[in-house]
Amino acid sequence: MKTVEREKLWEDYQKNPSAELREKIIIEYAPLVKVVAGRLSMYLGYNVEYEDLVSYGIFGLIDAIDKFDLNKDVKFETYASLRIRGSILDQIRKMDWIPRTVRQKRKKIEEAIRKIETRTGKNATDEEIAKELGIAETELNEWQVQLNVTNVVSLNEFVEQGGEPVMDAKNNSHFVQPEDSIQEEELKKVLKESMELLTEKEQKVILLYYYEDLTLKEISNILEVSESRVSQLHTKALLKMRKKMGNYMGIFVD
């Protein structure tokens, strides 16, 4: 549907919020749910079915349609994406399936990486991390896949801190404020430094996923590795970047 047709649909719905028009809007924006679900599936790995994420997200889309104000200076796609993501994460949180042992494994890996890099002054390899932990490399790979689950905790915290998506014209200005410009420059600097900590393949995963908006499957085809390997590389990259990025890690949940 063209932009003009889409705007007309919204105008008609605002004048006459019928079930028929609502259904048309849901169908029009259903692909957005798939995009958000696809991005979250990177964090969740194989712990939740993609189709389940989509079904959870549909409720967020419907909620966004019901609460969207056409008169505010914000794109529906932006507003709806927050609602969809929040709906998916709320449902996952209700399931309460994140094991405490997985959180403990992340702490152990982070501590092992810190010790190795302090001792050697170089990026820690999988072999070194496994040796430091006293486990086989195959087991370390299993841990890294499981670590995708713990990212859900960070996602939940980020969404909760942000509260309800705000549709305020002044907060969605198309003009860059001076303080925002300074922060953006600082972010670029920190991001560049954190990317230098990664291996070539880890860099490719981050760039393809966050900058090219490719899915797990698409990245696996490009790099010619399995989807589980892409998931491992993604987790390892975020672990390395976390110490350099600090509070800026929030950008990786968009």
# chains A, B, ... in the order shown; residues from 1 in each chain; ligands from 1
$ residues_around --residues "region 7-23 of chain A" --least-positions-apart "6" --cutoff "9 Å" --atoms "only C-alpha atoms" --output "PDB file with N, CA, C and O atoms, in the first residue's frame"
ATOM      1  N   ILE A  62      -2.097  -4.478  17.843  1.00  0.00           N
ATOM      2  CA  ILE A  62      -3.497  -4.082  18.053  1.00  0.00           C
ATOM      3  C   ILE A  62      -3.598  -2.986  19.107  1.00  0.00           C
ATOM      4  O   ILE A  62      -4.333  -2.007  18.945  1.00  0.00           O
ATOM      5  N   ILE A  65      -2.487   0.288  17.579  1.00  0.00           N
ATOM      6  CA  ILE A  65      -3.520   0.844  16.688  1.00  0.00           C
ATOM      7  C   ILE A  65      -4.603   1.541  17.501  1.00  0.00           C
ATOM      8  O   ILE A  65      -5.051   2.640  17.164  1.00  0.00           O
ATOM      9  N   ASP A  66      -5.006   0.904  18.605  1.00  0.00           N
ATOM     10  CA  ASP A  66      -6.067   1.465  19.443  1.00  0.00           C
ATOM     11  C   ASP A  66      -5.655   2.759  20.126  1.00  0.00           C
ATOM     12  O   ASP A  66      -6.484   3.635  20.378  1.00  0.00           O
ATOM     13  N   ASP A  69      -2.295   8.221  18.153  1.00  0.00           N
ATOM     14  CA  ASP A  69      -2.895   9.524  17.887  1.00  0.00           C
ATOM     15  C   ASP A  69      -2.280  10.082  16.612  1.00  0.00           C
ATOM     16  O   ASP A  69      -1.111  10.437  16.576  1.00  0.00           O
ATOM     17  N   LEU A  70      -3.089  10.154  15.577  1.00  0.00           N
ATOM     18  CA  LEU A  70      -2.625  10.600  14.264  1.00  0.00           C
ATOM     19  C   LEU A  70      -2.132  12.043  14.269  1.00  0.00           C
ATOM     20  O   LEU A  70      -1.344  12.444  13.417  1.00  0.00           O
TER      21      LEU A  70
END
$ residues_around --residues "His234 (chain A)" --least-positions-apart "3" --cutoff "7 Å" --atoms "only C-alpha atoms" --output "MDAnalysis selection string"
chainID A and resid 202 205:206 230:231 237:238
$ write_last_selection --atoms "N, CA, C and O atoms" --output "short mmCIF file (atom, residue, chain, number, x, y, z; two decimals), in the first residue's frame"
data_model
loop_
_atom_site.label_atom_id
_atom_site.label_comp_id
_atom_site.auth_asym_id
_atom_site.auth_seq_id
_atom_site.Cartn_x
_atom_site.Cartn_y
_atom_site.Cartn_z
N GLU A 202 32.85 -11.65 14.01
CA GLU A 202 31.96 -11.02 15.00
C GLU A 202 31.54 -9.63 14.52
O GLU A 202 30.38 -9.24 14.66
N VAL A 205 28.83 -10.00 11.88
CA VAL A 205 27.52 -10.33 12.46
C VAL A 205 26.84 -9.08 12.99
O VAL A 205 25.66 -8.83 12.73
N ILE A 206 27.59 -8.27 13.74
CA ILE A 206 27.04 -7.03 14.31
C ILE A 206 26.60 -6.07 13.19
O ILE A 206 25.49 -5.51 13.24
N VAL A 230 26.09 -18.35 14.17
CA VAL A 230 25.84 -16.91 14.10
C VAL A 230 25.38 -16.42 15.47
O VAL A 230 25.81 -15.37 15.95
N SER A 231 24.51 -17.20 16.09
CA SER A 231 24.01 -16.85 17.42
C SER A 231 25.14 -16.78 18.43
O SER A 231 25.20 -15.88 19.28
N ALA A 237 30.19 -11.32 20.71
CA ALA A 237 30.44 -9.92 20.36
C ALA A 237 29.86 -8.99 21.41
O ALA A 237 30.52 -8.04 21.85
N LEU A 238 28.63 -9.26 21.84
CA LEU A 238 28.00 -8.40 22.84
C LEU A 238 28.71 -8.47 24.19
O LEU A 238 28.82 -7.48 24.90
#
$ residues_around --residues "region 127-136 of chain A" --least-positions-apart "6" --cutoff "8 Å" --atoms "only C-alpha atoms" --output "PyMOL selection string"
chain A and resi 108-109+112-113+116
$ write_last_selection --atoms "N, CA and C atoms" --output "tab-separated table (two decimals), in the first residue's frame"
chain	number	residue	atom	x	y	z
A	108	LYS	N	30.43	-15.96	34.85
A	108	LYS	CA	31.68	-16.73	34.83
A	108	LYS	C	32.49	-16.45	33.56
A	109	ILE	N	31.79	-16.39	32.42
A	109	ILE	CA	32.48	-16.12	31.15
A	109	ILE	C	33.07	-14.71	31.15
A	112	ALA	N	36.11	-14.69	33.31
A	112	ALA	CA	37.21	-15.40	32.66
A	112	ALA	C	37.86	-14.52	31.59
A	113	ILE	N	37.03	-13.84	30.79
A	113	ILE	CA	37.53	-12.95	29.75
A	113	ILE	C	38.36	-11.82	30.38
A	116	ILE	N	41.79	-13.17	31.59
A	116	ILE	CA	42.68	-13.51	30.48
A	116	ILE	C	43.24	-12.25	29.83
$ residues_around --residues "Leu207 (chain A)" --least-positions-apart "6" --cutoff "12 Å" --atoms "only C-alpha atoms" --output "JSON, numbers by chain"
{"A": [191, 192, 195, 198, 200, 201, 213, 214, 215, 219, 234, 237, 252]}
$ closest_residue --among "A:Ile26, A:Val48, A:Ile92, A:Leu233" --to "Asp63 (chain A)" --atoms "only C-alpha atoms"
A:Ile26
$ decode --residues "region 65-101 of chain A" --atoms "N, CA, C and O atoms" --output "mmCIF file, in the first residue's frame"
data_model
loop_
_atom_site.group_PDB
_atom_site.id
_atom_site.type_symbol
_atom_site.label_atom_id
_atom_site.label_comp_id
_atom_site.auth_asym_id
_atom_site.auth_seq_id
_atom_site.Cartn_x
_atom_site.Cartn_y
_atom_site.Cartn_z
ATOM 1 N N ILE A 65 -2.487 0.288 17.579
ATOM 2 C CA ILE A 65 -3.520 0.844 16.688
ATOM 3 C C ILE A 65 -4.603 1.541 17.501
ATOM 4 O O ILE A 65 -5.051 2.640 17.164
ATOM 5 N N ASP A 66 -5.006 0.904 18.605
ATOM 6 C CA ASP A 66 -6.067 1.465 19.443
ATOM 7 C C ASP A 66 -5.655 2.759 20.126
ATOM 8 O O ASP A 66 -6.484 3.635 20.378
ATOM 9 N N LYS A 67 -4.360 2.895 20.433
ATOM 10 C CA LYS A 67 -3.900 4.042 21.220
ATOM 11 C C LYS A 67 -3.168 5.119 20.406
ATOM 12 O O LYS A 67 -2.804 6.160 20.938
ATOM 13 N N PHE A 68 -2.968 4.865 19.132
ATOM 14 C CA PHE A 68 -2.212 5.813 18.307
ATOM 15 C C PHE A 68 -2.999 7.090 18.038
ATOM 16 O O PHE A 68 -4.194 7.055 17.752
ATOM 17 N N ASP A 69 -2.295 8.221 18.153
ATOM 18 C CA ASP A 69 -2.895 9.524 17.887
ATOM 19 C C ASP A 69 -2.280 10.082 16.612
ATOM 20 O O ASP A 69 -1.111 10.437 16.576
ATOM 21 N N LEU A 70 -3.089 10.154 15.577
ATOM 22 C CA LEU A 70 -2.625 10.600 14.264
ATOM 23 C C LEU A 70 -2.132 12.043 14.269
ATOM 24 O O LEU A 70 -1.344 12.444 13.417
ATOM 25 N N ASN A 71 -2.575 12.824 15.255
ATOM 26 C CA ASN A 71 -2.226 14.246 15.300
ATOM 27 C C ASN A 71 -0.843 14.519 15.893
ATOM 28 O O ASN A 71 -0.343 15.631 15.815
ATOM 29 N N LYS A 72 -0.248 13.510 16.524
ATOM 30 C CA LYS A 72 1.076 13.686 17.125
ATOM 31 C C LYS A 72 2.178 13.506 16.087
ATOM 32 O O LYS A 72 2.030 12.762 15.120
ATOM 33 N N ASP A 73 3.294 14.171 16.312
ATOM 34 C CA ASP A 73 4.399 14.149 15.363
ATOM 35 C C ASP A 73 5.319 12.953 15.596
ATOM 36 O O ASP A 73 6.453 13.088 16.041
ATOM 37 N N VAL A 74 4.789 11.773 15.326
ATOM 38 C CA VAL A 74 5.582 10.552 15.465
ATOM 39 C C VAL A 74 5.037 9.526 14.473
ATOM 40 O O VAL A 74 3.832 9.457 14.225
ATOM 41 N N LYS A 75 5.948 8.761 13.873
ATOM 42 C CA LYS A 75 5.530 7.753 12.909
ATOM 43 C C LYS A 75 4.871 6.582 13.633
ATOM 44 O O LYS A 75 5.329 6.171 14.693
ATOM 45 N N PHE A 76 3.835 6.025 13.016
ATOM 46 C CA PHE A 76 3.162 4.881 13.630
ATOM 47 C C PHE A 76 4.118 3.709 13.764
ATOM 48 O O PHE A 76 4.101 2.987 14.753
ATOM 49 N N GLU A 77 4.981 3.512 12.746
ATOM 50 C CA GLU A 77 5.917 2.381 12.778
ATOM 51 C C GLU A 77 6.815 2.430 14.013
ATOM 52 O O GLU A 77 7.094 1.394 14.634
ATOM 53 N N THR A 78 7.261 3.639 14.369
ATOM 54 C CA THR A 78 8.127 3.809 15.542
ATOM 55 C C THR A 78 7.370 3.467 16.812
ATOM 56 O O THR A 78 7.855 2.721 17.676
ATOM 57 N N TYR A 79 6.186 4.025 16.925
ATOM 58 C CA TYR A 79 5.344 3.804 18.106
ATOM 59 C C TYR A 79 4.946 2.335 18.227
ATOM 60 O O TYR A 79 5.040 1.732 19.303
ATOM 61 N N ALA A 80 4.512 1.753 17.105
ATOM 62 C CA ALA A 80 4.051 0.370 17.114
ATOM 63 C C ALA A 80 5.176 -0.604 17.437
ATOM 64 O O ALA A 80 4.967 -1.602 18.134
ATOM 65 N N SER A 81 6.393 -0.311 16.940
ATOM 66 C CA SER A 81 7.526 -1.206 17.197
ATOM 67 C C SER A 81 7.770 -1.358 18.696
ATOM 68 O O SER A 81 8.053 -2.453 19.190
ATOM 69 N N LEU A 82 7.662 -0.242 19.432
ATOM 70 C CA LEU A 82 7.845 -0.281 20.887
ATOM 71 C C LEU A 82 6.755 -1.102 21.554
ATOM 72 O O LEU A 82 7.010 -1.890 22.471
ATOM 73 N N ARG A 83 5.527 -0.919 21.104
ATOM 74 C CA ARG A 83 4.390 -1.669 21.655
ATOM 75 C C ARG A 83 4.513 -3.163 21.362
ATOM 76 O O ARG A 83 4.234 -4.006 22.215
ATOM 77 N N ILE A 84 4.899 -3.473 20.135
ATOM 78 C CA ILE A 84 5.037 -4.878 19.726
ATOM 79 C C ILE A 84 6.126 -5.561 20.546
ATOM 80 O O ILE A 84 5.930 -6.651 21.083
ATOM 81 N N ARG A 85 7.276 -4.894 20.639
ATOM 82 C CA ARG A 85 8.387 -5.453 21.414
ATOM 83 C C ARG A 85 7.998 -5.633 22.875
ATOM 84 O O ARG A 85 8.279 -6.667 23.482
ATOM 85 N N GLY A 86 7.335 -4.629 23.434
ATOM 86 C CA GLY A 86 6.901 -4.707 24.829
ATOM 87 C C GLY A 86 5.947 -5.859 25.064
ATOM 88 O O GLY A 86 6.032 -6.559 26.076
ATOM 89 N N SER A 87 5.038 -6.081 24.109
ATOM 90 C CA SER A 87 4.069 -7.163 24.227
ATOM 91 C C SER A 87 4.753 -8.528 24.215
ATOM 92 O O SER A 87 4.423 -9.422 24.996
ATOM 93 N N ILE A 88 5.730 -8.684 23.319
ATOM 94 C CA ILE A 88 6.473 -9.945 23.235
ATOM 95 C C ILE A 88 7.246 -10.202 24.524
ATOM 96 O O ILE A 88 7.206 -11.295 25.095
ATOM 97 N N LEU A 89 7.949 -9.169 25.006
ATOM 98 C CA LEU A 89 8.767 -9.328 26.208
ATOM 99 C C LEU A 89 7.913 -9.553 27.454
ATOM 100 O O LEU A 89 8.290 -10.311 28.343
ATOM 101 N N ASP A 90 6.754 -8.914 27.513
ATOM 102 C CA ASP A 90 5.836 -9.134 28.639
ATOM 103 C C ASP A 90 5.414 -10.594 28.710
ATOM 104 O O ASP A 90 5.361 -11.196 29.791
ATOM 105 N N GLN A 91 5.101 -11.161 27.553
ATOM 106 C CA GLN A 91 4.648 -12.554 27.514
ATOM 107 C C GLN A 91 5.772 -13.499 27.906
ATOM 108 O O GLN A 91 5.568 -14.463 28.647
ATOM 109 N N ILE A 92 6.990 -13.204 27.436
ATOM 110 C CA ILE A 92 8.148 -14.037 27.774
ATOM 111 C C ILE A 92 8.426 -13.975 29.275
ATOM 112 O O ILE A 92 8.723 -14.987 29.908
ATOM 113 N N ARG A 93 8.297 -12.780 29.844
ATOM 114 C CA ARG A 93 8.540 -12.614 31.272
ATOM 115 C C ARG A 93 7.522 -13.417 32.093
ATOM 116 O O ARG A 93 7.855 -14.015 33.105
ATOM 117 N N LYS A 94 6.277 -13.459 31.625
ATOM 118 C CA LYS A 94 5.237 -14.221 32.324
ATOM 119 C C LYS A 94 5.544 -15.714 32.318
ATOM 120 O O LYS A 94 5.168 -16.444 33.218
ATOM 121 N N MET A 95 6.236 -16.153 31.260
ATOM 122 C CA MET A 95 6.581 -17.574 31.170
ATOM 123 C C MET A 95 7.607 -17.967 32.228
ATOM 124 O O MET A 95 7.673 -19.130 32.634
ATOM 125 N N ASP A 96 8.435 -16.985 32.642
ATOM 126 C CA ASP A 96 9.408 -17.188 33.723
ATOM 127 C C ASP A 96 10.257 -18.441 33.524
ATOM 128 O O ASP A 96 10.354 -19.298 34.388
ATOM 129 N N TRP A 97 10.895 -18.522 32.343
ATOM 130 C CA TRP A 97 11.682 -19.721 32.064
ATOM 131 C C TRP A 97 13.184 -19.482 32.049
ATOM 132 O O TRP A 97 13.957 -20.352 31.687
ATOM 133 N N ILE A 98 13.627 -18.289 32.411
ATOM 134 C CA ILE A 98 15.065 -18.004 32.344
ATOM 135 C C ILE A 98 15.792 -18.617 33.549
ATOM 136 O O ILE A 98 15.606 -18.177 34.680
ATOM 137 N N PRO A 99 16.580 -19.639 33.358
ATOM 138 C CA PRO A 99 17.254 -20.314 34.474
ATOM 139 C C PRO A 99 18.315 -19.434 35.139
ATOM 140 O O PRO A 99 19.036 -18.708 34.457
ATOM 141 N N ARG A 100 18.408 -19.532 36.451
ATOM 142 C CA ARG A 100 19.420 -18.780 37.190
ATOM 143 C C ARG A 100 20.815 -19.250 36.811
ATOM 144 O O ARG A 100 21.757 -18.462 36.779
ATOM 145 N N THR A 101 20.948 -20.533 36.494
ATOM 146 C CA THR A 101 22.263 -21.082 36.139
ATOM 147 C C THR A 101 22.822 -20.414 34.885
ATOM 148 O O THR A 101 24.035 -20.265 34.745
#
